[in-house]
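Following: one structure in structure tokens, then a few remarks.
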Amino acid sequence: MVSSEGAAADGDDGDTPQESRLVDLRAAYDAAGIKEVLDQLDRELIGLRPVKARIREIAALLVINRARTQVGLDTAPPSLHMSFTGRPGTGKTTVAERMSKILHGLGYVRKGHVVTATRDDLVGQYIGHTAPKTREMLKKAMGGVLFIDEAYYLYRPENERDYGAEAIEILLQVMENNRNDLVVIFAGYKERMDVFYQSNPGLSSRVANHIDFPDYSASELLAIAQLILAAENYRFSPEAAAAFAEYIQRRMQLPFFANARSIRNAIDRARMRQANRLFSGMGRALSKTDLMTIEAEDITASRVFHGEVEGLDPARPLTSQEESAPC
């Protein structure tokens with residue numbers, strides 16, 4: 001973007017040729033609030049270095065494109081539609097929200113909001129039902145980002161009467177015609193997304209930015225747990241921290257593991273066990289430290305330590321009736 005202050009300092013009277021204009025990239029970067037967004041991303045998301053690096057690269061390209069336009073250079077509009085691949089709980093939705101703020105700050109979208117959709121929001125169940133559903137979601141997302149989770153479910157080649165193909169065709173048309181006011185992000189497991197893109201060359205050609213979200217390591221998951229606890233004014237005792245580190249190792253080996261999402265669920269259950277434990281001892285006064293501290297027993301009571309996935313059967317309580325009965 002052009003720095004009006006810099007132009008005035010050089011004696012610019014408003015008639016300076018475009019070739020002589022100066023562009024202050026720092027001013028453009030600061031005005032768009034990109035640093036704040038990226039700093040927030042670093043605070044909120046542990047790890048994910050490749051993802052954060054890719055977002056910075058995209059942000060840099062957008063700033064430079066704006067600068068080129070300001071000095072009169074012909075610049076093809078960047079293709080901003082994206083593909084986020086990775087397992088559940090790896091931060092895809094959070095990154096989509098931060099990306100929308102960057103796009104809005106730089107003026108690439110009017111509003112900068114995110115609308116999340118799945119197949120059920122886009123595909124109808126009978127003839128004539130899909131088009132209005134898809135267009136309604138696109139209308140809601142216009143001026144921002146449409147985040148389509150598990151996008152590969154839009155394509156079902158085994159069912160000749162499926163209407164997902166109609167939704168894809170409408171998406172393609174709007175992605176092309178409204179690329180200056182809408183960014184579509186397709187998300188899902190990498191292997192399935194690869195098949196999804198192969199099914200439609202037109203779709204693949206319109207998605208220029210492919211970002212893969214790696215699974216978190218055990219140490220990163222423990223750091224995520226600590227962040228979640230601190231945000232909610234809880235903390236692990238040293239013994240509980242060691243127990244939770246073991247919990248993570250065991251949980252990662254069981255089915256339906258969802259990275260940070262599984263960790264948050266585990267913390268919620270540990271808080272419930274802590275509450276139950278403190279409630280059971282209501283005969284004594286509690287300190288602030290008591291109310292804040294998660295103990296090892298609040299962790300090791302999990303059925304994960306017996307090789308079971310917790311929470312699959314809502315009828316099974318997190319603690320036994322004997323444990324939950326107040327004294």
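Within each chain, counting starts at residue 1; across the structure tokens, chains are named A, B, ... in the order shown, with ligands numbered 1 upward in that order.
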Report task. Could you give me, as a PyMOL selection string, the residues within 12 Å of Lys288 (chain A), counting only C-alpha atoms and dropping anything in the same chain fewer than 5 positions from it? Result -> chain A and resi 233-235+293
Output of the above residues as a CSV table (one decimal), in the first residue's frame, restricted to all heavy atoms:
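Saved the output as selection07.csv:
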```
chain,number,residue,atom,x,y,z
A,233,ASN,N,-8.2,-21.6,34.9
A,233,ASN,CA,-7.7,-21.5,36.3
A,233,ASN,C,-7.7,-22.8,37.0
A,233,ASN,O,-8.1,-23.0,38.2
A,233,ASN,CB,-8.7,-20.5,37.0
A,233,ASN,CG,-8.6,-19.1,36.5
A,233,ASN,OD1,-7.5,-18.6,36.4
A,233,ASN,ND2,-9.7,-18.5,36.2
A,234,TYR,N,-7.1,-23.8,36.3
A,234,TYR,CA,-6.8,-25.1,36.9
A,234,TYR,C,-5.3,-25.4,36.7
A,234,TYR,O,-4.6,-24.7,35.9
A,234,TYR,CB,-7.6,-26.3,36.2
A,234,TYR,CG,-9.0,-26.4,36.7
A,234,TYR,CD1,-10.0,-25.6,36.0
A,234,TYR,CD2,-9.4,-27.2,37.7
A,234,TYR,CE1,-11.3,-25.7,36.4
A,234,TYR,CE2,-10.7,-27.3,38.1
A,234,TYR,CZ,-11.7,-26.6,37.4
A,234,TYR,OH,-13.0,-26.7,37.8
A,235,ARG,N,-4.8,-26.4,37.4
A,235,ARG,CA,-3.4,-26.8,37.2
A,235,ARG,C,-3.3,-28.3,37.6
A,235,ARG,O,-4.1,-28.8,38.4
A,235,ARG,CB,-2.5,-26.0,38.0
A,235,ARG,CG,-2.6,-26.1,39.5
A,235,ARG,CD,-1.7,-25.1,40.2
A,235,ARG,NE,-1.8,-25.2,41.6
A,235,ARG,CZ,-1.3,-24.4,42.5
A,235,ARG,NH1,-0.7,-23.2,42.1
A,235,ARG,NH2,-1.3,-24.6,43.8
A,293,THR,N,-6.5,-27.5,41.8
A,293,THR,CA,-5.6,-28.6,41.5
A,293,THR,C,-6.2,-29.9,41.0
A,293,THR,O,-7.1,-30.4,41.7
A,293,THR,CB,-4.7,-28.8,42.7
A,293,THR,OG1,-4.0,-27.6,43.1
A,293,THR,CG2,-3.6,-29.9,42.4
```
Query raised in the report: Which polymer residues have any atom within 12 Å of an atom of Leu254 (chain A), counting only C-alpha atoms, with same-chain residues fewer than 6 positions away left out, as an MDAnalysis selection string?
Result: chainID A and resid 247:248 262 303:310
Query - Which of A:Val174, A:Lys111, A:Gln253, A:Ile46 sits closest to Ser219 (chain A) [using only C-alpha atoms] - result: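 Nearest to Ser219 (chain A): A:Ile46.
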Dump as a Markdown table the rows for residues of region 201-258 of chain A within 10 Å of region 70-91 of chain A: closest atom pair and distance in Å with one decimal, only C-alpha atoms counted, ordered by chain and rising residue number.
```
| residue | atom | partner | partner_atom | distance |
| --- | --- | --- | --- | --- |
| A:Ser204 | CA | A:Ser83 | CA | 9.6 |
| A:Ser205 | CA | A:Ser79 | CA | 9.8 |
| A:Arg206 | CA | A:His81 | CA | 6.8 |
| A:Val207 | CA | A:His81 | CA | 5.0 |
| A:Ala208 | CA | A:Ser79 | CA | 6.0 |
| A:Asn209 | CA | A:Met82 | CA | 4.7 |
| A:His210 | CA | A:Ser83 | CA | 4.7 |
| A:Ile211 | CA | A:Phe84 | CA | 5.1 |
| A:Asp212 | CA | A:Thr85 | CA | 4.8 |
| A:Phe213 | CA | A:Gly86 | CA | 4.8 |
| A:Pro214 | CA | A:Gly86 | CA | 6.2 |
| A:Asp215 | CA | A:Thr90 | CA | 6.3 |
| A:Tyr216 | CA | A:Thr90 | CA | 7.2 |
| A:Phe256 | CA | A:Pro88 | CA | 9.3 |
| A:Phe257 | CA | A:Pro88 | CA | 8.2 |
| A:Ala258 | CA | A:Pro88 | CA | 4.9 |
```
Report task. Just list the residues in region 85-283 of chain A DSSP gives strand (DSSP E or B) on the backbone, as a list of chain:residue names. Result ->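 Going through region 85-283 of chain A, the strand (DSSP E or B) residues come out as A:Thr85, A:Gly86, A:Val114, A:Val115, A:Thr116, A:Ala117, A:Val145, A:Leu146, A:Phe147, A:Ile148, A:Val183, A:Val184, A:Ile185, A:Phe186, A:Ala187, A:Gly188, A:Asn209, A:His210, A:Ile211, A:Asp212, A:Phe213, A:Arg235, A:Phe236.
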May I have the residues within 12 Å of Thr300 (chain A) as an mmCIF file with N, CA, C and O atoms, in the first residue's frame, using only C-alpha atoms and disregarding those fewer than 6 positions away in the same chain?
```cif
data_model
loop_
_atom_site.group_PDB
_atom_site.id
_atom_site.type_symbol
_atom_site.label_atom_id
_atom_site.label_comp_id
_atom_site.auth_asym_id
_atom_site.auth_seq_id
_atom_site.Cartn_x
_atom_site.Cartn_y
_atom_site.Cartn_z
ATOM 1 N N GLU A 239 2.255 -34.965 40.320
ATOM 2 C CA GLU A 239 1.872 -36.358 40.089
ATOM 3 C C GLU A 239 0.817 -36.463 38.988
ATOM 4 O O GLU A 239 0.835 -37.387 38.179
ATOM 5 N N ALA A 240 -0.093 -35.487 38.957
ATOM 6 C CA ALA A 240 -1.132 -35.505 37.923
ATOM 7 C C ALA A 240 -0.525 -35.246 36.546
ATOM 8 O O ALA A 240 -0.960 -35.834 35.547
ATOM 9 N N ALA A 241 0.473 -34.372 36.479
ATOM 10 C CA ALA A 241 1.130 -34.103 35.197
ATOM 11 C C ALA A 241 1.778 -35.368 34.657
ATOM 12 O O ALA A 241 1.683 -35.667 33.455
ATOM 13 N N ALA A 242 2.429 -36.131 35.534
ATOM 14 C CA ALA A 242 3.047 -37.397 35.108
ATOM 15 C C ALA A 242 1.979 -38.394 34.681
ATOM 16 O O ALA A 242 2.141 -39.107 33.678
ATOM 17 N N ALA A 243 0.862 -38.436 35.427
ATOM 18 C CA ALA A 243 -0.225 -39.357 35.087
ATOM 19 C C ALA A 243 -0.851 -38.979 33.753
ATOM 20 O O ALA A 243 -1.199 -39.854 32.946
ATOM 21 N N PHE A 244 -0.987 -37.673 33.491
ATOM 22 C CA PHE A 244 -1.606 -37.259 32.238
ATOM 23 C C PHE A 244 -0.687 -37.538 31.054
ATOM 24 O O PHE A 244 -1.162 -37.836 29.958
ATOM 25 N N ALA A 245 0.614 -37.421 31.268
ATOM 26 C CA ALA A 245 1.556 -37.769 30.207
ATOM 27 C C ALA A 245 1.397 -39.242 29.829
ATOM 28 O O ALA A 245 1.436 -39.603 28.643
ATOM 29 N N GLU A 246 1.189 -40.100 30.838
ATOM 30 C CA GLU A 246 0.955 -41.519 30.546
ATOM 31 C C GLU A 246 -0.406 -41.705 29.877
ATOM 32 O O GLU A 246 -0.555 -42.529 28.972
ATOM 33 N N TYR A 247 -1.402 -40.932 30.333
ATOM 34 C CA TYR A 247 -2.732 -40.998 29.714
ATOM 35 C C TYR A 247 -2.634 -40.720 28.216
ATOM 36 O O TYR A 247 -3.237 -41.423 27.393
ATOM 37 N N ILE A 248 -1.868 -39.688 27.865
ATOM 38 C CA ILE A 248 -1.734 -39.307 26.453
ATOM 39 C C ILE A 248 -1.156 -40.455 25.637
ATOM 40 O O ILE A 248 -1.658 -40.781 24.548
ATOM 41 N N ARG A 250 -1.275 -43.613 26.209
ATOM 42 C CA ARG A 250 -2.268 -44.695 26.090
ATOM 43 C C ARG A 250 -3.408 -44.301 25.148
ATOM 44 O O ARG A 250 -3.848 -45.100 24.322
ATOM 45 N N ALA A 266 -10.615 -34.958 27.655
ATOM 46 C CA ALA A 266 -10.003 -35.593 28.817
ATOM 47 C C ALA A 266 -9.907 -34.612 29.983
ATOM 48 O O ALA A 266 -10.136 -34.986 31.149
ATOM 49 N N ARG A 269 -13.277 -34.236 31.608
ATOM 50 C CA ARG A 269 -13.602 -35.365 32.474
ATOM 51 C C ARG A 269 -12.787 -35.338 33.768
ATOM 52 O O ARG A 269 -13.296 -35.694 34.831
ATOM 53 N N ALA A 270 -11.532 -34.904 33.671
ATOM 54 C CA ALA A 270 -10.701 -34.794 34.880
ATOM 55 C C ALA A 270 -11.276 -33.743 35.826
ATOM 56 O O ALA A 270 -11.271 -33.927 37.058
ATOM 57 N N ARG A 273 -14.147 -35.304 37.623
ATOM 58 C CA ARG A 273 -13.700 -36.214 38.688
ATOM 59 C C ARG A 273 -13.173 -35.427 39.893
ATOM 60 O O ARG A 273 -13.390 -35.814 41.037
ATOM 61 N N GLN A 274 -12.463 -34.331 39.597
ATOM 62 C CA GLN A 274 -11.974 -33.506 40.699
ATOM 63 C C GLN A 274 -13.139 -32.945 41.500
ATOM 64 O O GLN A 274 -13.133 -32.934 42.730
ATOM 65 N N ILE A 294 -5.789 -30.351 39.889
ATOM 66 C CA ILE A 294 -6.161 -31.681 39.416
ATOM 67 C C ILE A 294 -5.113 -32.649 39.955
ATOM 68 O O ILE A 294 -3.913 -32.461 39.750
ATOM 69 N N HIS A 306 -7.410 -48.750 31.373
ATOM 70 C CA HIS A 306 -7.808 -50.160 31.226
ATOM 71 C C HIS A 306 -7.994 -50.526 29.763
ATOM 72 O O HIS A 306 -8.593 -51.554 29.439
ATOM 73 N N GLY A 307 -7.492 -49.655 28.872
ATOM 74 C CA GLY A 307 -7.547 -49.956 27.449
ATOM 75 C C GLY A 307 -8.873 -49.686 26.792
ATOM 76 O O GLY A 307 -9.150 -50.208 25.701
ATOM 77 N N LEU A 318 -18.639 -41.404 34.827
ATOM 78 C CA LEU A 318 -17.182 -41.261 34.890
ATOM 79 C C LEU A 318 -16.623 -41.784 36.191
ATOM 80 O O LEU A 318 -15.442 -42.100 36.312
ATOM 81 N N THR A 319 -17.462 -41.831 37.228
ATOM 82 C CA THR A 319 -17.055 -42.364 38.525
ATOM 83 C C THR A 319 -18.139 -43.324 39.003
ATOM 84 O O THR A 319 -19.280 -43.259 38.582
#
```
**Report entry** Counting only C-alpha atoms, the option among A:Arg271, A:Asp298, A:Ile34, A:Glu136 closest to Lys101 (chain A)
**Finding:**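 That would be A:Ile34, the residue with the smallest distance to Lys101 (chain A).
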Query raised in the report: Using only C-alpha atoms, which of A:Arg161, A:His104, A:Lys133, A:Arg179 sits nearest Thr118 (chain A)?
Result: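 Under the stated criterion, the closest residue is A:Lys133.
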Requested in this report: Per DSSP on the backbone, filter region 177-228 of chain A down to the residues in alpha helix (DSSP H) and report them as a PyMOL selection string.
Outcome: chain A and resi 177+190-198+201-206+218-228
Query - One-decimal distance in Å that lies between CA of Ile185 (chain A) and CA of Phe147 (chain A) - result: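 Distance between the two atoms: 4.8 Å.
Considering the residues A:Glu36, A:Glu220, A:Asp162, A:Glu150 and counting only C-alpha atoms, Ala117 (chain A) has its shortest atom-to-atom contact with A:Glu150.
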Surrounding residues of Asp181 (chain A) excluding itself and chain neighbours under 5 positions, 10 Å, only C-alpha atoms, as a compact mmCIF listing (two decimals) with all heavy atoms, in the first residue's frame:
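This went into around_38.txt:
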```
# COMPACT_ATOMS: atom_id res chain seq x y z
N LEU A 103 -7.40 -12.01 5.59
CA LEU A 103 -8.02 -11.64 4.31
C LEU A 103 -8.85 -10.37 4.45
O LEU A 103 -8.85 -9.51 3.57
CB LEU A 103 -8.88 -12.80 3.81
CG LEU A 103 -8.15 -14.09 3.45
CD1 LEU A 103 -9.14 -15.22 3.21
CD2 LEU A 103 -7.28 -13.88 2.21
N HIS A 104 -9.56 -10.27 5.56
CA HIS A 104 -10.38 -9.08 5.79
C HIS A 104 -9.50 -7.86 6.02
O HIS A 104 -9.77 -6.77 5.47
CB HIS A 104 -11.29 -9.30 6.99
CG HIS A 104 -12.13 -8.12 7.35
ND1 HIS A 104 -13.02 -7.54 6.48
CD2 HIS A 104 -12.20 -7.38 8.49
CE1 HIS A 104 -13.63 -6.52 7.06
NE2 HIS A 104 -13.13 -6.39 8.27
N GLY A 107 -8.32 -6.49 2.88
CA GLY A 107 -9.35 -6.05 1.95
C GLY A 107 -9.73 -7.07 0.89
O GLY A 107 -10.37 -6.72 -0.09
N TYR A 108 -9.35 -8.34 1.08
CA TYR A 108 -9.69 -9.35 0.08
C TYR A 108 -11.11 -9.88 0.26
O TYR A 108 -11.69 -10.44 -0.66
CB TYR A 108 -8.69 -10.50 0.12
CG TYR A 108 -7.38 -10.17 -0.56
CD1 TYR A 108 -6.32 -9.65 0.16
CD2 TYR A 108 -7.23 -10.33 -1.93
CE1 TYR A 108 -5.12 -9.31 -0.46
CE2 TYR A 108 -6.04 -10.00 -2.56
CZ TYR A 108 -4.99 -9.49 -1.82
OH TYR A 108 -3.82 -9.16 -2.44
N VAL A 109 -11.66 -9.75 1.46
CA VAL A 109 -13.07 -10.08 1.70
C VAL A 109 -13.67 -8.97 2.55
O VAL A 109 -12.97 -8.32 3.33
CB VAL A 109 -13.24 -11.45 2.42
CG1 VAL A 109 -12.83 -12.59 1.50
CG2 VAL A 109 -12.46 -11.51 3.73
N ARG A 110 -14.97 -8.74 2.40
CA ARG A 110 -15.62 -7.60 3.03
C ARG A 110 -15.83 -7.75 4.52
O ARG A 110 -15.75 -6.77 5.28
CB ARG A 110 -16.98 -7.34 2.37
CG ARG A 110 -16.92 -6.76 0.97
CD ARG A 110 -18.31 -6.61 0.39
NE ARG A 110 -18.96 -7.89 0.16
CZ ARG A 110 -20.03 -8.33 0.79
NH1 ARG A 110 -20.61 -7.58 1.72
NH2 ARG A 110 -20.56 -9.52 0.50
N LYS A 111 -16.14 -8.96 4.98
CA LYS A 111 -16.57 -9.15 6.37
C LYS A 111 -15.55 -9.92 7.21
O LYS A 111 -15.33 -9.61 8.37
CB LYS A 111 -17.91 -9.88 6.41
CG LYS A 111 -19.03 -9.13 5.70
CD LYS A 111 -20.32 -9.95 5.73
CE LYS A 111 -21.45 -9.26 4.99
NZ LYS A 111 -22.69 -10.09 4.97
N GLY A 112 -14.97 -10.95 6.65
CA GLY A 112 -13.98 -11.72 7.40
C GLY A 112 -14.56 -12.74 8.36
O GLY A 112 -13.88 -13.21 9.27
N ALA A 141 -22.03 -17.05 3.53
CA ALA A 141 -20.57 -16.96 3.60
C ALA A 141 -20.00 -15.81 2.78
O ALA A 141 -18.83 -15.45 2.96
CB ALA A 141 -19.95 -18.27 3.12
N MET A 142 -20.80 -15.23 1.90
CA MET A 142 -20.29 -14.19 1.00
C MET A 142 -19.68 -13.05 1.81
O MET A 142 -20.26 -12.58 2.79
CB MET A 142 -21.40 -13.67 0.09
CG MET A 142 -20.89 -13.04 -1.18
SD MET A 142 -19.95 -14.20 -2.22
CE MET A 142 -21.24 -15.37 -2.69
N GLY A 143 -18.49 -12.61 1.38
CA GLY A 143 -17.77 -11.59 2.12
C GLY A 143 -16.83 -12.17 3.14
O GLY A 143 -16.16 -11.44 3.88
N GLY A 144 -16.75 -13.51 3.18
CA GLY A 144 -15.89 -14.16 4.15
C GLY A 144 -15.39 -15.50 3.66
O GLY A 144 -15.03 -15.66 2.50
N VAL A 145 -15.41 -16.46 4.56
CA VAL A 145 -14.87 -17.79 4.28
C VAL A 145 -15.95 -18.84 4.49
O VAL A 145 -16.66 -18.82 5.49
CB VAL A 145 -13.67 -18.11 5.20
CG1 VAL A 145 -13.25 -19.58 5.08
CG2 VAL A 145 -12.49 -17.20 4.87
N MET A 175 -17.23 -20.02 -6.83
CA MET A 175 -15.81 -19.84 -6.50
C MET A 175 -15.09 -19.04 -7.59
O MET A 175 -14.20 -18.25 -7.30
CB MET A 175 -15.14 -21.19 -6.30
CG MET A 175 -15.50 -21.89 -5.00
SD MET A 175 -15.00 -23.64 -4.99
CE MET A 175 -13.21 -23.51 -5.12
```
Query raised in the report: Which residue out of A:Arg98, A:Arg251, A:Arg56, A:Arg26 has the minimum interatomic distance to His113 (chain A) when only C-alpha atoms are used?
Result: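 Closest residue, counting only C-alpha atoms: A:Arg98.
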Report task. Pick out the residues sitting within 12 Å of Gly124 (chain A), and hand them over as a PyMOL selection string; count only C-alpha atoms, and ignore anything fewer than 6 positions along from it in its own chain. Result -> chain A and resi 118+130-135+154+161-167
Selected residues, C-alpha atoms, written as a PDB file, in the first residue's frame, please.
```
ATOM      1  CA  THR A 118     -21.017 -30.068   5.974  1.00  0.00           C
ATOM      2  CA  THR A 130     -29.763 -29.070  -3.490  1.00  0.00           C
ATOM      3  CA  ALA A 131     -29.426 -25.811  -5.436  1.00  0.00           C
ATOM      4  CA  PRO A 132     -31.328 -23.605  -2.936  1.00  0.00           C
ATOM      5  CA  LYS A 133     -29.536 -25.216   0.021  1.00  0.00           C
ATOM      6  CA  THR A 134     -26.101 -24.678  -1.493  1.00  0.00           C
ATOM      7  CA  ARG A 135     -26.861 -21.135  -2.610  1.00  0.00           C
ATOM      8  CA  LEU A 154     -19.961 -34.286  -1.291  1.00  0.00           C
ATOM      9  CA  ARG A 161     -28.781 -40.581  -7.870  1.00  0.00           C
ATOM     10  CA  ASP A 162     -26.726 -38.634  -5.343  1.00  0.00           C
ATOM     11  CA  TYR A 163     -27.028 -34.834  -5.554  1.00  0.00           C
ATOM     12  CA  GLY A 164     -23.566 -34.020  -4.240  1.00  0.00           C
ATOM     13  CA  ALA A 165     -22.250 -33.452  -7.768  1.00  0.00           C
ATOM     14  CA  GLU A 166     -24.821 -30.682  -8.222  1.00  0.00           C
ATOM     15  CA  ALA A 167     -23.590 -28.940  -5.078  1.00  0.00           C
TER      16      ALA A 167
END
```
Query raised in the report: From the list A:Leu286, A:Ile168, A:Ala231, A:Leu22, which residue is nearest Tyr155 (chain A) when using only C-alpha atoms?
Result: A:Ile168
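Going from CA of Tyr152 (chain A) to CA of Asn200 (chain A) covers 11.1 Å.
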